[in-house]
Amino acid sequence: MNKTAFIFPGQGAQYVGMGKDFYDNFKIARETFDIASETLNMDMKKLCFEGPKEELMLTENTQPAILTVSTAILNVLTKEFDLNCDITAGLSLGEYTALVNTGMISFEEAVKVVKNRGRYMQNAVPEGKGKMAALIGGNRIDVERLCYDHQKYGIIQPANFNCPGQIVIGGEVLPIEKAMKSIADYNIKRAIELPVSAPFHTEMLKPAAENLSKDLEKVNIYNSEFPVVSNVTGEIYENDADIKDYLLKQVYSSVLWEDSVNTMISEGVDTFIEIGPGKSLSGFIKKIDRSLNILNVQDMKSLNKSFVKLGVAS
């Protein structure tokens, strides 16, 4: 059975100008930006459209900004064009947009939580203490062996299993730097240091999860309209009661994106629509299975292109 999945990007997808096309063309997108601005008492429109880049790149600003843009585009697709999905997921921060998509968390509550989540993640590790690197060409076993062998130097662990041949590691500076120099011994072709402010999705982020737990306690969880896949397990949430627990674990656990995509494929998904800034998730999915129908919607041009492929009148 042919099914559609809506998927949402995480931190790193941001750019100045994101979401402007939708704001200019759709009332519902303007309303989404207005709700975010009022809820957070900040000018979300100015941050997303004008920057400056340095301000947008601050984790505590990036996270609500991406959530707002992704939700604005989602609202246009679902409410203006009646496009819907059978299952949903998001990469790290993107999982909050997926939960908004299912109706499990209200947008107002989500945007408030991710603003704080960003601040907690930013402050969890002192600057210069942590590092992340993308490893190209190795498989899971190679990367896990690399991390295991370098634990003697400090904290190092897989942070993101994105797709075959691309796994991100994170941890303390010394073990990451030593690991990057010895990749050839582990059948890994290349190591690229990532420009991030903290080693996300590693145990070094546990203090951020502790702070986040207080915010999540206050969040209302509603019944889901359709399944959502968890980053932490790579499986569909079986129990709504697990959501807060998994959102906490997500901060310091590996993101199982490849597993999440394979779960959706096993559920019958053959069309993935990436909603929000950038096209990184589309790139990962192509490496998982090129035969899938992979679309992305981040501006009017990509919206119209996707509509042509879907046979939808814009």
# chains A, B, ... in the order shown; residues from 1 in each chain; ligands from 1
call {"tool": "residues_around", "arguments": {"residues": "region 262-279 of chain A", "least_positions_apart": "6", "cutoff": "7 Å", "atoms": "only C-alpha atoms", "output": "VMD selection string"}}
result
chain A and resid 1 to 9 13 to 14 18 69 to 70 73 to 74 234 to 235 292 to 298
call {"tool": "write_last_selection", "arguments": {"atoms": "C-alpha atoms", "output": "PDB file, in the first residue's frame"}}
result
ATOM      1  CA  MET A   1       0.000   0.000   0.000  1.00  0.00           C
ATOM      2  CA  ASN A   2       1.407   3.388  -1.032  1.00  0.00           C
ATOM      3  CA  LYS A   3       1.800   5.796   1.868  1.00  0.00           C
ATOM      4  CA  THR A   4       3.211   9.290   2.366  1.00  0.00           C
ATOM      5  CA  ALA A   5       5.489  10.442   5.185  1.00  0.00           C
ATOM      6  CA  PHE A   6       6.040  14.073   6.211  1.00  0.00           C
ATOM      7  CA  ILE A   7       9.560  14.532   7.589  1.00  0.00           C
ATOM      8  CA  PHE A   8      11.067  17.583   9.261  1.00  0.00           C
ATOM      9  CA  PRO A   9      14.676  18.858   9.456  1.00  0.00           C
ATOM     10  CA  ALA A  13      19.154  23.419   8.095  1.00  0.00           C
ATOM     11  CA  GLN A  14      18.651  27.111   8.954  1.00  0.00           C
ATOM     12  CA  MET A  18      13.893  30.795   5.244  1.00  0.00           C
ATOM     13  CA  VAL A  69       9.246  27.819   9.478  1.00  0.00           C
ATOM     14  CA  SER A  70       8.547  24.071   9.202  1.00  0.00           C
ATOM     15  CA  ILE A  73       4.907  25.406   5.587  1.00  0.00           C
ATOM     16  CA  LEU A  74       3.126  22.377   7.082  1.00  0.00           C
ATOM     17  CA  GLY A 234      13.821   4.285  15.310  1.00  0.00           C
ATOM     18  CA  GLU A 235      10.342   2.783  15.847  1.00  0.00           C
ATOM     19  CA  LEU A 292      11.548   6.173  -3.323  1.00  0.00           C
ATOM     20  CA  ASN A 293       9.645   9.290  -4.322  1.00  0.00           C
ATOM     21  CA  ILE A 294      11.485  12.042  -2.406  1.00  0.00           C
ATOM     22  CA  LEU A 295      10.225  15.644  -2.425  1.00  0.00           C
ATOM     23  CA  ASN A 296      11.074  18.730  -0.436  1.00  0.00           C
ATOM     24  CA  VAL A 297       9.132  21.922   0.230  1.00  0.00           C
ATOM     25  CA  GLN A 298      11.033  24.952   1.510  1.00  0.00           C
TER      26      GLN A 298
END
call {"tool": "closest_residue", "arguments": {"among": "A:Gly130, A:Gly19, A:Gly90, A:Gly171", "to": "Ser230 (chain A)", "atoms": "only C-alpha atoms"}}
result
A:Gly90
call {"tool": "atom_distance", "arguments": {"atom1": "CA of Ala198 (chain A)", "atom2": "CA of Thr39 (chain A)"}}
result
26.4 Å
call {"tool": "select_by_dssp", "arguments": {"residues": "region 137-265 of chain A", "states": "alpha helix (DSSP H)", "output": "ChimeraX atom specification"}}
result
/A:140-150,173-181,206-217,243-252,257-265
call {"tool": "write_last_selection", "arguments": {"atoms": "C-alpha atoms", "output": "CSV table (one decimal), in the first residue's frame"}}
result
chain,number,residue,atom,x,y,z
A,140,ARG,CA,28.0,1.1,11.9
A,141,ILE,CA,30.4,-1.6,13.2
A,142,ASP,CA,33.4,0.4,12.0
A,143,VAL,CA,32.2,3.6,13.7
A,144,GLU,CA,31.3,1.8,16.9
A,145,ARG,CA,34.7,0.1,17.0
A,146,LEU,CA,36.4,3.5,16.4
A,147,CYS,CA,34.5,5.0,19.4
A,148,TYR,CA,35.1,2.0,21.6
A,149,ASP,CA,38.8,2.1,21.0
A,150,HIS,CA,39.1,5.9,21.7
A,173,VAL,CA,37.8,17.3,22.0
A,174,LEU,CA,40.8,14.9,22.6
A,175,PRO,CA,39.1,11.6,21.7
A,176,ILE,CA,37.3,13.1,18.7
A,177,GLU,CA,40.5,14.6,17.3
A,178,LYS,CA,42.5,11.4,17.8
A,179,ALA,CA,39.6,9.4,16.2
A,180,MET,CA,39.6,11.7,13.2
A,181,LYS,CA,43.3,11.1,12.7
A,206,LYS,CA,22.6,15.0,30.1
A,207,PRO,CA,22.5,18.3,32.1
A,208,ALA,CA,20.4,19.8,29.3
A,209,ALA,CA,17.9,16.9,29.5
A,210,GLU,CA,17.6,17.4,33.3
A,211,ASN,CA,16.7,21.0,32.7
A,212,LEU,CA,14.3,20.1,29.9
A,213,SER,CA,12.4,17.6,32.0
A,214,LYS,CA,10.9,20.5,34.1
A,215,ASP,CA,9.6,22.1,30.9
A,216,LEU,CA,8.2,18.9,29.4
A,217,GLU,CA,6.4,18.1,32.7
A,243,ILE,CA,6.8,10.7,24.5
A,244,LYS,CA,8.2,13.0,27.2
A,245,ASP,CA,10.7,10.3,28.3
A,246,TYR,CA,12.0,9.8,24.7
A,247,LEU,CA,12.2,13.6,24.1
A,248,LEU,CA,14.5,13.8,27.1
A,249,LYS,CA,16.6,10.8,26.0
A,250,GLN,CA,16.8,12.2,22.5
A,251,VAL,CA,19.0,15.1,23.8
A,252,TYR,CA,21.8,12.7,24.9
A,257,TRP,CA,17.5,8.4,11.5
A,258,GLU,CA,18.4,5.6,9.1
A,259,ASP,CA,16.4,3.2,11.3
A,260,SER,CA,13.5,5.6,11.4
A,261,VAL,CA,13.3,5.8,7.6
A,262,ASN,CA,13.5,2.0,7.3
A,263,THR,CA,10.6,1.7,9.8
A,264,MET,CA,8.5,4.1,7.6
A,265,ILE,CA,9.4,2.1,4.4
call {"tool": "atom_distance", "arguments": {"atom1": "CA of Val111 (chain A)", "atom2": "CA of Asp34 (chain A)"}}
result
12.0 Å
call {"tool": "residues_around", "arguments": {"residues": "Leu83 (chain A)", "least_positions_apart": "5", "cutoff": "10 Å", "atoms": "only C-alpha atoms", "output": "PyMOL selection string"}}
result
chain A and resi 4+74-78+312
call {"tool": "closest_residue", "arguments": {"among": "A:Tyr120, A:Pro227, A:Glu50, A:Thr202", "to": "Lys20 (chain A)", "atoms": "only C-alpha atoms"}}
result
A:Glu50
call {"tool": "select_by_dssp", "arguments": {"residues": "region 64-242 of chain A", "states": "strand (DSSP E)", "output": "ChimeraX atom specification"}}
result
/A:87-90,130-136,156-163,166-172,190-193
call {"tool": "atom_distance", "arguments": {"atom1": "CA of Ile236 (chain A)", "atom2": "CA of Phe307 (chain A)"}}
result
27.9 Å
call {"tool": "closest_residue", "arguments": {"among": "A:Ser302, A:Asn84, A:Thr62, A:Thr68", "to": "Gln122 (chain A)", "atoms": "only C-alpha atoms"}}
result
A:Thr62
